[in-house]
>>> print(open('coords-v6.cif').read())   # mmCIF, C-alpha atoms
data_entry
loop_
_atom_site.label_atom_id
_atom_site.label_comp_id
_atom_site.auth_asym_id
_atom_site.auth_seq_id
_atom_site.Cartn_x
_atom_site.Cartn_y
_atom_site.Cartn_z
CA MET A 1 95.65 114.56 277.10
CA ARG A 2 92.15 115.71 277.82
CA GLU A 3 90.82 112.37 279.04
CA LEU A 4 92.44 109.47 280.89
CA SER A 5 90.82 107.15 278.34
CA LEU A 6 93.21 108.69 275.77
CA ASN A 7 96.20 107.95 278.02
CA ILE A 8 94.92 104.38 278.34
CA LEU A 9 94.65 104.08 274.55
CA ASP A 10 98.19 105.43 274.29
CA ILE A 11 99.72 103.17 276.97
CA ALA A 12 98.03 100.15 275.38
CA GLN A 13 99.89 100.95 272.13
CA ASN A 14 103.10 100.10 274.01
CA SER A 15 101.67 96.68 274.86
CA ILE A 16 100.75 96.19 271.21
CA ALA A 17 104.27 97.19 270.15
CA ALA A 18 105.62 94.70 272.71
CA ASN A 19 103.83 91.90 270.82
CA ALA A 20 101.41 91.13 273.62
CA SER A 21 98.74 88.53 272.93
CA LEU A 22 96.74 89.52 276.00
CA ILE A 23 96.11 93.02 277.31
CA ARG A 24 94.26 93.61 280.53
CA ILE A 25 92.81 97.02 281.33
CA GLU A 26 91.31 97.67 284.70
CA VAL A 27 89.64 100.78 286.08
CA ALA A 28 88.68 100.63 289.76
CA GLU A 29 86.92 103.55 291.39
CA ASP A 30 86.53 104.02 295.12
CA THR A 31 84.24 106.98 295.59
CA GLU A 32 84.58 107.00 299.37
CA LYS A 33 88.36 107.24 299.22
CA GLY A 34 88.17 109.49 296.18
CA GLU A 35 90.49 107.22 294.21
CA MET A 36 90.63 105.80 290.73
CA ARG A 37 93.12 103.05 290.01
CA ILE A 38 94.01 102.29 286.40
CA VAL A 39 96.00 99.19 285.53
CA ILE A 40 97.23 98.25 282.05
CA GLY A 41 98.94 94.88 281.97
CA ASP A 42 100.23 92.75 279.13
CA ASN A 43 102.11 89.54 278.41
CA GLY A 44 104.40 91.17 275.86
CA GLN A 45 108.16 91.05 275.57
CA GLY A 46 108.71 93.19 278.66
CA MET A 47 111.68 95.37 279.41
CA THR A 48 115.03 95.11 281.12
CA PRO A 49 115.32 96.74 284.57
CA GLU A 50 117.29 99.57 282.97
CA GLN A 51 114.61 100.25 280.37
CA THR A 52 111.87 100.04 282.99
CA GLN A 53 113.64 102.60 285.10
CA ARG A 54 114.09 105.04 282.23
CA VAL A 55 110.71 104.66 280.57
CA THR A 56 109.10 107.58 282.43
CA ASP A 57 111.92 109.86 281.35
CA PRO A 58 110.42 111.90 278.48
CA PHE A 59 113.79 111.95 276.75
CA TYR A 60 114.02 108.19 276.64
CA THR A 61 112.57 106.04 273.89
CA THR A 62 113.43 102.77 272.20
CA ARG A 63 112.37 104.25 268.91
CA THR A 64 115.20 105.04 266.55
CA THR A 65 113.45 107.69 264.45
CA ARG A 66 113.25 110.26 267.22
CA LYS A 67 114.75 110.77 270.63
CA VAL A 68 111.64 111.58 272.67
CA GLY A 69 109.03 109.23 274.15
CA MET A 70 106.23 111.00 275.92
CA GLY A 71 103.42 108.48 276.49
CA THR A 72 104.38 106.93 279.80
CA SER A 73 105.72 110.19 281.24
CA LEU A 74 102.44 111.96 280.44
CA PHE A 75 100.43 109.25 282.19
CA LYS A 76 102.72 109.35 285.22
CA MET A 77 102.44 113.12 285.38
CA ALA A 78 98.63 112.98 285.14
CA ALA A 79 98.52 110.66 288.15
CA GLU A 80 101.10 112.43 290.28
CA MET A 81 99.56 115.84 289.62
CA THR A 82 96.46 114.69 291.51
CA GLY A 83 98.54 113.49 294.47
CA GLY A 84 98.29 109.91 293.24
CA THR A 85 100.98 107.38 292.43
CA PHE A 86 102.49 105.69 289.40
CA ASN A 87 104.21 102.38 289.15
CA ILE A 88 105.59 100.32 286.31
CA ARG A 89 106.76 96.74 286.65
CA SER A 90 108.22 94.74 283.86
CA GLN A 91 109.95 91.46 283.34
CA ALA A 92 111.74 90.62 280.11
CA ASN A 93 109.80 87.97 278.15
CA GLU A 94 106.91 88.03 280.63
CA GLY A 95 105.20 91.36 280.30
CA THR A 96 104.64 94.80 281.70
CA LYS A 97 102.17 96.20 284.18
CA VAL A 98 101.48 99.91 284.53
CA THR A 99 99.52 101.04 287.58
CA ALA A 100 98.39 104.61 288.17
CA VAL A 101 96.33 105.82 291.09
CA PHE A 102 94.46 109.11 290.77
CA LYS A 103 92.98 111.24 293.53
CA THR A 104 89.62 112.06 292.00
CA ARG A 105 88.90 115.03 294.24
CA SER A 106 91.99 116.89 293.10
CA VAL A 107 91.36 119.86 290.80
CA ASP A 108 94.03 118.39 288.54
CA PHE A 109 92.14 115.13 288.07
CA THR A 110 91.41 114.52 284.38
CA PRO A 111 88.09 112.73 283.82
CA LEU A 112 88.16 109.16 282.52
CA GLY A 113 86.19 110.20 279.44
CA ASP A 114 85.11 108.04 276.54
CA MET A 115 86.22 104.52 277.44
CA ASN A 116 83.65 103.14 274.99
CA SER A 117 85.73 104.47 272.09
CA THR A 118 89.07 103.47 273.60
CA ILE A 119 88.01 99.88 274.23
CA SER A 120 86.10 99.36 270.97
CA LEU A 121 88.97 100.77 268.88
CA LEU A 122 91.63 98.74 270.67
CA ILE A 123 89.61 95.58 270.08
CA ALA A 124 88.68 96.31 266.45
CA MET A 125 92.19 97.37 265.44
CA ASN A 126 94.02 94.45 267.07
CA LEU A 127 92.13 91.30 266.20
CA HIS A 128 95.06 89.04 267.11
CA ILE A 129 95.15 90.34 270.68
CA ASP A 130 92.81 89.28 273.47
CA PHE A 131 91.52 92.05 275.68
CA ILE A 132 90.07 91.93 279.14
CA TYR A 133 88.44 95.13 280.32
CA ARG A 134 87.16 95.40 283.87
CA HIS A 135 85.61 98.48 285.40
CA SER A 136 84.46 98.64 288.99
CA VAL A 137 82.87 101.32 291.14
CA ASP A 138 82.80 100.66 294.89
CA GLY A 139 82.82 96.90 294.33
CA LYS A 140 80.18 96.84 291.58
CA ALA A 141 81.90 95.65 288.42
CA PHE A 142 81.59 94.42 284.88
CA THR A 143 84.08 92.62 282.67
CA LEU A 144 84.35 92.44 278.90
CA GLN A 145 86.49 89.63 277.61
CA THR A 146 87.17 89.26 273.90
CA THR A 147 87.72 85.49 274.11
CA GLU A 148 84.08 85.19 275.20
CA LEU A 149 82.88 87.33 272.31
CA LYS A 150 85.04 85.40 269.84
CA GLN A 151 83.49 82.14 271.01
CA ILE A 152 80.03 83.36 270.05
CA LEU A 153 81.08 85.18 266.87
CA GLY A 154 83.08 82.33 265.32
CA ASP A 155 84.44 83.48 261.94
CA VAL A 156 82.89 86.93 262.22
CA PRO A 157 85.70 89.33 263.20
CA LEU A 158 85.47 91.73 266.14
CA SER A 159 86.01 94.55 263.63
CA GLU A 160 82.61 93.88 262.02
CA PRO A 161 80.75 97.24 262.24
CA ASP A 162 77.75 95.79 264.11
CA VAL A 163 80.11 94.15 266.62
CA VAL A 164 82.05 97.39 267.16
CA GLU A 165 78.75 99.19 267.73
CA TRP A 166 77.66 96.47 270.16
CA ILE A 167 80.92 96.75 272.15
CA LYS A 168 80.53 100.53 272.40
CA SER A 169 76.95 100.33 273.61
CA TYR A 170 77.66 97.43 275.95
CA VAL A 171 80.56 99.21 277.65
CA GLY A 172 78.48 102.41 277.84
CA GLU A 173 75.48 100.71 279.41
CA GLN A 174 77.48 98.62 281.85
CA THR A 175 79.45 101.69 282.93
CA GLN A 176 76.20 103.47 283.66
CA ILE A 177 74.88 100.52 285.64
CA ILE A 178 77.92 100.29 287.94
CA HIS A 179 77.70 104.04 288.47
CA GLY A 180 74.23 103.52 289.89
CA GLY A 181 72.41 103.77 286.60
CA VAL A 182 71.97 107.51 286.39
CA LEU A 183 74.88 109.85 286.05
CA HIS A 184 78.06 109.35 284.15
CA GLU A 185 81.18 110.28 286.06
CA ASN A 186 81.83 113.27 283.79
CA ASN A 187 78.40 114.72 284.44
CA ARG A 188 78.84 114.17 288.13
CA ARG A 189 82.08 116.09 288.06
CA THR A 190 80.53 118.92 286.10
CA GLN A 191 77.65 119.14 288.56
CA ARG A 192 80.00 119.10 291.51
CA TYR A 193 82.02 121.84 289.86
CA GLN A 194 78.92 123.90 289.16
CA ARG A 195 77.75 123.46 292.74
CA LYS A 196 81.15 124.55 294.02
CA SER A 197 81.41 127.63 291.83
CA LYS A 198 77.85 128.57 292.74
CA SER A 199 78.56 128.39 296.47
CA ASN A 200 81.75 130.39 295.96
CA HIS A 201 79.70 132.95 294.14
CA ASP A 202 77.10 133.08 296.92
CA ARG A 203 79.82 133.74 299.38
CA MET B 1 70.02 96.61 277.20
CA LYS B 2 72.84 94.92 275.30
CA THR B 3 73.37 91.27 276.09
CA ILE B 4 76.10 88.87 274.98
CA GLU B 5 73.39 86.73 273.38
CA GLU B 6 72.70 89.47 270.84
CA LEU B 7 76.04 88.61 269.25
CA ASN B 8 74.43 85.44 267.91
CA ALA B 9 72.11 87.51 265.74
CA ILE B 10 74.95 89.78 264.67
CA ARG B 11 77.00 86.74 263.64
CA GLU B 12 74.22 85.36 261.45
CA LYS B 13 73.62 88.72 259.79
CA ALA B 14 77.34 89.32 259.24
CA LYS B 15 77.97 85.89 257.73
CA ALA B 16 75.55 86.68 254.92
CA THR B 17 77.44 89.81 253.85
CA MET B 18 81.01 88.84 254.66
CA THR B 19 81.87 86.72 251.63
CA VAL B 20 81.42 89.70 249.32
CA ARG B 21 84.13 91.60 251.13
CA GLU B 22 86.73 88.85 251.09
CA ASP B 23 86.66 88.53 247.31
CA ASN B 24 87.58 92.14 246.80
CA VAL B 25 90.97 92.68 245.22
CA ASP B 26 91.43 96.45 244.93
CA VAL B 27 91.61 97.33 248.56
CA ILE B 28 92.10 100.94 249.67
CA ARG B 29 93.92 101.20 252.96
CA VAL B 30 93.21 104.10 255.31
CA VAL B 31 95.90 104.33 257.98
CA VAL B 32 95.56 106.60 261.02
CA GLY B 33 98.61 107.54 263.10
CA MET B 34 97.90 106.51 266.69
CA ALA B 35 101.10 107.27 268.57
CA THR B 36 101.13 109.63 271.57
CA CYS B 37 101.36 112.66 269.26
CA GLY B 38 98.40 111.52 267.16
CA ILE B 39 96.22 110.56 270.10
CA ALA B 40 96.91 113.84 271.91
CA ALA B 41 96.07 115.79 268.75
CA GLY B 42 92.70 114.05 268.33
CA ALA B 43 93.31 110.90 266.28
CA ARG B 44 90.77 108.80 268.18
CA PRO B 45 87.65 110.60 266.88
CA VAL B 46 89.20 110.58 263.39
CA LEU B 47 89.78 106.82 263.46
CA ASN B 48 86.31 106.34 264.92
CA GLY B 49 84.88 108.56 262.20
CA PHE B 50 86.47 106.58 259.37
CA MET B 51 85.26 103.30 260.83
CA GLU B 52 81.72 104.61 261.20
CA GLU B 53 81.55 106.28 257.79
CA VAL B 54 82.97 103.23 255.99
CA ALA B 55 80.48 101.01 257.85
CA ARG B 56 77.55 103.34 257.20
CA ARG B 57 78.26 103.43 253.46
CA LYS B 58 79.03 99.69 253.44
CA LEU B 59 82.33 100.22 251.61
CA GLY B 60 83.67 96.68 251.52
CA ASN B 61 86.91 97.54 249.69
CA ILE B 62 88.23 99.89 252.38
CA VAL B 63 90.36 98.73 255.26
CA VAL B 64 90.79 101.16 258.15
CA SER B 65 93.82 100.54 260.34
CA GLN B 66 96.22 102.27 262.69
CA THR B 67 99.94 102.81 262.83
CA GLY B 68 102.51 104.42 265.10
CA CYS B 69 104.19 107.79 264.72
CA ILE B 70 104.33 108.89 261.10
CA GLY B 71 107.06 111.41 261.89
CA MET B 72 105.44 114.79 261.38
CA CYS B 73 103.94 115.25 264.83
CA GLN B 74 103.12 118.92 264.26
CA TYR B 75 100.68 117.90 261.52
CA GLU B 76 98.81 115.25 263.51
CA PRO B 77 96.23 113.79 263.30
CA ILE B 78 97.64 112.30 260.09
CA VAL B 79 95.79 109.89 257.82
CA GLU B 80 97.37 108.07 254.91
CA VAL B 81 95.39 106.65 252.02
CA ILE B 82 97.22 103.85 250.28
CA GLU B 83 96.02 102.41 247.02
CA LYS B 84 97.69 99.93 244.72
CA ASP B 85 99.61 101.52 241.81
CA LYS B 86 98.88 105.01 243.09
CA GLU B 87 100.89 107.55 245.00
CA LYS B 88 100.19 107.60 248.71
CA VAL B 89 98.03 110.53 249.86
CA THR B 90 98.75 112.07 253.27
CA TYR B 91 96.02 114.06 254.97
CA VAL B 92 97.13 116.25 257.87
CA ARG B 93 95.45 117.99 260.82
CA MET B 94 92.44 115.80 260.29
CA THR B 95 89.28 116.20 262.32
CA ALA B 96 86.19 114.05 262.66
CA ASP B 97 84.30 116.70 260.64
CA ARG B 98 86.61 116.25 257.66
CA VAL B 99 86.20 112.48 257.54
CA ALA B 100 82.90 112.39 255.62
CA ARG B 101 84.34 114.62 252.88
CA VAL B 102 87.48 112.49 252.46
CA VAL B 103 85.37 109.34 252.32
CA SER B 104 82.90 110.64 249.73
CA ASP B 105 85.29 112.70 247.56
CA HIS B 106 88.43 110.57 247.70
CA LEU B 107 87.57 107.02 248.69
CA VAL B 108 84.30 106.81 246.76
CA ASN B 109 84.68 109.29 243.90
CA ASN B 110 88.44 109.21 243.49
CA ASN B 111 89.03 112.96 243.88
CA VAL B 112 91.77 113.70 246.38
CA VAL B 113 90.74 116.49 248.80
CA THR B 114 93.88 118.50 248.03
CA GLU B 115 93.23 121.25 250.57
CA PHE B 116 93.56 118.76 253.47
CA THR B 117 96.78 117.14 252.24
CA VAL B 118 100.27 117.71 253.56
CA GLY B 119 101.20 119.32 250.24
CA ALA B 120 98.69 122.12 250.75
CA ILE B 121 99.79 122.87 254.31
CA ALA B 122 103.53 122.26 254.48
CA LYS B 123 104.68 124.80 251.96
#
>>> encode(input="coords-v6.cif", output="structure tokens")
Amino acid sequence: MRELSLNILDIAQNSIAANASLIRIEVAEDTEKGEMRIVIGDNGQGMTPEQTQRVTDPFYTTRTTRKVGMGTSLFKMAAEMTGGTFNIRSQANEGTKVTAVFKTRSVDFTPLGDMNSTISLLIAMNLHIDFIYRHSVDGKAFTLQTTELKQILGDVPLSEPDVVEWIKSYVGEQTQIIHGGVLHENNRRTQRYQRKSKSNHDR
Amino acid sequence: MKTIEELNAIREKAKATMTVREDNVDVIRVVVGMATCGIAAGARPVLNGFMEEVARRKLGNIVVSQTGCIGMCQYEPIVEVIEKDKEKVTYVRMTADRVARVVSDHLVNNNVVTEFTVGAIAK
């Protein structure tokens, strides 16, 4: 996957398949430590200890049509490649929580990418599920909670085009604000990369 | 800057147009495969594209939704168009660029874009 936001979209599909009514997605960045923690938690049907243990095995799946399940293993690999960690905890009938920590200074770190699309699509495509999305950077944070939006919107569904557009822009703007209002993380990475390759070149 | 309060205005505007949509009987369903294979192959911009194009053209009879693995991962992103009393059409290796053409030719003017279908590719 080219962006972690795609892994997040993918992992959230598991929560949807597990009949969750609440999905919580959290991205916490610590620029000093060079860490990004991503948590996807749900209140779905959960898994047995045996299933939980095997879920990161790419040759394990609960699906009956095919014998391979890649999603969770790809996410785990993306985290561990950077020197980070991966953890999955699940309790039958209570839910599942996937936590991945990424070392952002690693060359193998995949950028977070377009969270605006991931969040707006998840919300618009799953009207019966409540979503909580929280993103923080060094303690500065914002939270988007669909129950709050539903309260204001009443009968108007969250899939209404104007609402989808609003969610995209809101997440985009808030992300920029917690990043200090100027550069998006991707641009910052690109600049850092350009600086690095330039200094290598000078040498 | 976007504020939560703006949703009040959106609600009022949406309420005025919503009733038209609910009365529609002949719904066309556009289903995008969003399993790991689809997402990795680029299904997100395709799904996004359909939602935006359908909204932009105000096509009230079209429902865009997602599904899991359709079972032909090598042809992802896959989009199925399902219409009552008609054979299902399966578009393969979709891209965001191809969305506008499928919407205008197929969903609006009823001409299947044969060159993008699984039949044209999987021979």
>>> interface_residues(input="coords-v6.cif", of="chain B", to="chain A", cutoff="10 Å", atoms="only C-alpha atoms", output="JSON, numbers by chain")
{"B": [1, 2, 3, 4, 5, 6, 7, 8, 9, 10, 11, 12, 13, 14, 15, 18, 34, 35, 36, 37, 38, 39, 40, 41, 42, 43, 44, 45, 47, 48, 51, 52, 54, 55, 56, 58, 64, 65, 66, 67, 68, 69, 70, 71]}
>>> atom_distance(input="coords-v6.cif", atom1="atom CA of Asp130 of chain A", atom2="atom CA of Thr175 of chain A")
20.5 Å
>>> resolve_selection(input="coords-v6.cif", expression="the PyMOL selection byres ((chain B and resi 80) around 7)", output="PDB file with C-alpha atoms, in the frame of the given file")
ATOM      1  CA  VAL B  30      93.210 104.100 255.310  1.00  0.00           C
ATOM      2  CA  VAL B  31      95.900 104.330 257.980  1.00  0.00           C
ATOM      3  CA  VAL B  32      95.560 106.600 261.020  1.00  0.00           C
ATOM      4  CA  ILE B  78      97.640 112.300 260.090  1.00  0.00           C
ATOM      5  CA  VAL B  79      95.790 109.890 257.820  1.00  0.00           C
ATOM      6  CA  VAL B  81      95.390 106.650 252.020  1.00  0.00           C
ATOM      7  CA  ILE B  82      97.220 103.850 250.280  1.00  0.00           C
ATOM      8  CA  LYS B  88     100.190 107.600 248.710  1.00  0.00           C
ATOM      9  CA  VAL B  89      98.030 110.530 249.860  1.00  0.00           C
ATOM     10  CA  THR B  90      98.750 112.070 253.270  1.00  0.00           C
ATOM     11  CA  TYR B  91      96.020 114.060 254.970  1.00  0.00           C
TER      12      TYR B  91
END
>>> closest_residue(input="coords-v6.cif", among="A:Pro111, A:Gly139, A:Gly46, A:Gly83", to="Val98 of chain A", atoms="all atoms listed in the file")
A:Gly46
>>> atom_distance(input="coords-v6.cif", atom1="atom CA of Val27 of chain B", atom2="atom CA of Ser21 of chain A")
26.9 Å
>>> residues_around(input="coords-v6.cif", residues="Arg37 of chain A", least_positions_apart="3", cutoff="7 Å", atoms="all atoms listed in the file", output="JSON, numbers by chain")
{"A": [27, 28, 29, 100, 101, 102]}
>>> write_last_selection(input="coords-v6.cif", atoms="C-alpha atoms", output="tab-separated table (two decimals), in the frame of the given file")
chain	number	residue	atom	x	y	z
A	27	VAL	CA	89.64	100.78	286.08
A	28	ALA	CA	88.68	100.63	289.76
A	29	GLU	CA	86.92	103.55	291.39
A	100	ALA	CA	98.39	104.61	288.17
A	101	VAL	CA	96.33	105.82	291.09
A	102	PHE	CA	94.46	109.11	290.77
>>> atom_distance(input="coords-v6.cif", atom1="atom CA of Gln91 of chain A", atom2="atom CA of Gln51 of chain A")
10.4 Å
>>> axis_aligned_box(input="coords-v6.cif", around="segment 36-52 of chain B", padding_each_side="6 Å", output="AutoDock Vina command-line options")
--center_x 91.5 --center_y 109.5 --center_z 265.6 --size_x 31.6 --size_y 24.5 --size_z 24.5
>>> resolve_selection(input="coords-v6.cif", expression="the PyMOL selection byres ((chain A and resi 105) around 10)", output="list in words")
Thr31, Lys33, Gly34, Glu35, Thr82, Gly83, Phe102, Lys103, Thr104, Ser106, Val107, Asp108, Phe109 and Arg189 of chain A
>>> write_last_selection(input="coords-v6.cif", atoms="C-alpha atoms", output="PDB file, in the coordinates of the input")
ATOM      1  CA  THR A  31      84.240 106.980 295.590  1.00  0.00           C
ATOM      2  CA  LYS A  33      88.360 107.240 299.220  1.00  0.00           C
ATOM      3  CA  GLY A  34      88.170 109.490 296.180  1.00  0.00           C
ATOM      4  CA  GLU A  35      90.490 107.220 294.210  1.00  0.00           C
ATOM      5  CA  THR A  82      96.460 114.690 291.510  1.00  0.00           C
ATOM      6  CA  GLY A  83      98.540 113.490 294.470  1.00  0.00           C
ATOM      7  CA  PHE A 102      94.460 109.110 290.770  1.00  0.00           C
ATOM      8  CA  LYS A 103      92.980 111.240 293.530  1.00  0.00           C
ATOM      9  CA  THR A 104      89.620 112.060 292.000  1.00  0.00           C
ATOM     10  CA  SER A 106      91.990 116.890 293.100  1.00  0.00           C
ATOM     11  CA  VAL A 107      91.360 119.860 290.800  1.00  0.00           C
ATOM     12  CA  ASP A 108      94.030 118.390 288.540  1.00  0.00           C
ATOM     13  CA  PHE A 109      92.140 115.130 288.070  1.00  0.00           C
ATOM     14  CA  ARG A 189      82.080 116.090 288.060  1.00  0.00           C
TER      15      ARG A 189
END
>>> resolve_selection(input="coords-v6.cif", expression="the PyMOL selection byres ((chain B and resi 106) around 12)", output="JSON, numbers by chain")
{"B": [28, 30, 62, 80, 81, 82, 83, 89, 90, 91, 98, 99, 100, 101, 102, 103, 104, 105, 107, 108, 109, 110, 111, 112, 113, 114, 116, 117]}
>>> closest_residue(input="coords-v6.cif", among="A:His135, A:Lys97, A:Lys76, A:Arg54", to="Ser15 of chain A", atoms="only C-alpha atoms")
A:Lys97
>>> build_atoms(input="coords-v6.cif", residues="segment 76-90 of chain A", atoms="N, CA and C atoms", output="tab-separated table (two decimals), in the coordinates of the input")
chain	number	residue	atom	x	y	z
A	76	LYS	N	102.17	109.23	283.87
A	76	LYS	CA	102.72	109.35	285.22
A	76	LYS	C	102.44	110.74	285.78
A	77	MET	N	102.66	111.75	284.95
A	77	MET	CA	102.44	113.12	285.38
A	77	MET	C	100.97	113.35	285.73
A	78	ALA	N	100.07	112.80	284.89
A	78	ALA	CA	98.63	112.98	285.14
A	78	ALA	C	98.24	112.42	286.50
A	79	ALA	N	98.84	111.28	286.87
A	79	ALA	CA	98.52	110.66	288.15
A	79	ALA	C	99.13	111.44	289.31
A	80	GLU	N	100.39	111.78	289.16
A	80	GLU	CA	101.10	112.43	290.28
A	80	GLU	C	100.61	113.86	290.53
A	81	MET	N	100.13	114.49	289.48
A	81	MET	CA	99.56	115.84	289.62
A	81	MET	C	98.37	115.86	290.58
A	82	THR	N	97.64	114.74	290.64
A	82	THR	CA	96.46	114.69	291.51
A	82	THR	C	96.83	114.29	292.94
A	83	GLY	N	98.12	114.01	293.18
A	83	GLY	CA	98.54	113.49	294.47
A	83	GLY	C	98.52	111.97	294.50
A	84	GLY	N	98.34	111.37	293.35
A	84	GLY	CA	98.29	109.91	293.24
A	84	GLY	C	99.67	109.32	293.01
A	85	THR	N	99.70	108.07	292.60
A	85	THR	CA	100.98	107.38	292.43
A	85	THR	C	101.05	106.71	291.06
A	86	PHE	N	102.27	106.37	290.68
A	86	PHE	CA	102.49	105.69	289.40
A	86	PHE	C	103.52	104.60	289.60
A	87	ASN	N	103.28	103.48	288.99
A	87	ASN	CA	104.21	102.38	289.15
A	87	ASN	C	104.28	101.57	287.86
A	88	ILE	N	105.47	101.19	287.48
A	88	ILE	CA	105.59	100.32	286.31
A	88	ILE	C	106.49	99.14	286.66
A	89	ARG	N	105.98	97.94	286.38
A	89	ARG	CA	106.76	96.74	286.65
A	89	ARG	C	106.85	95.94	285.38
A	90	SER	N	108.04	95.47	285.10
A	90	SER	CA	108.22	94.74	283.86
A	90	SER	C	109.25	93.64	284.03
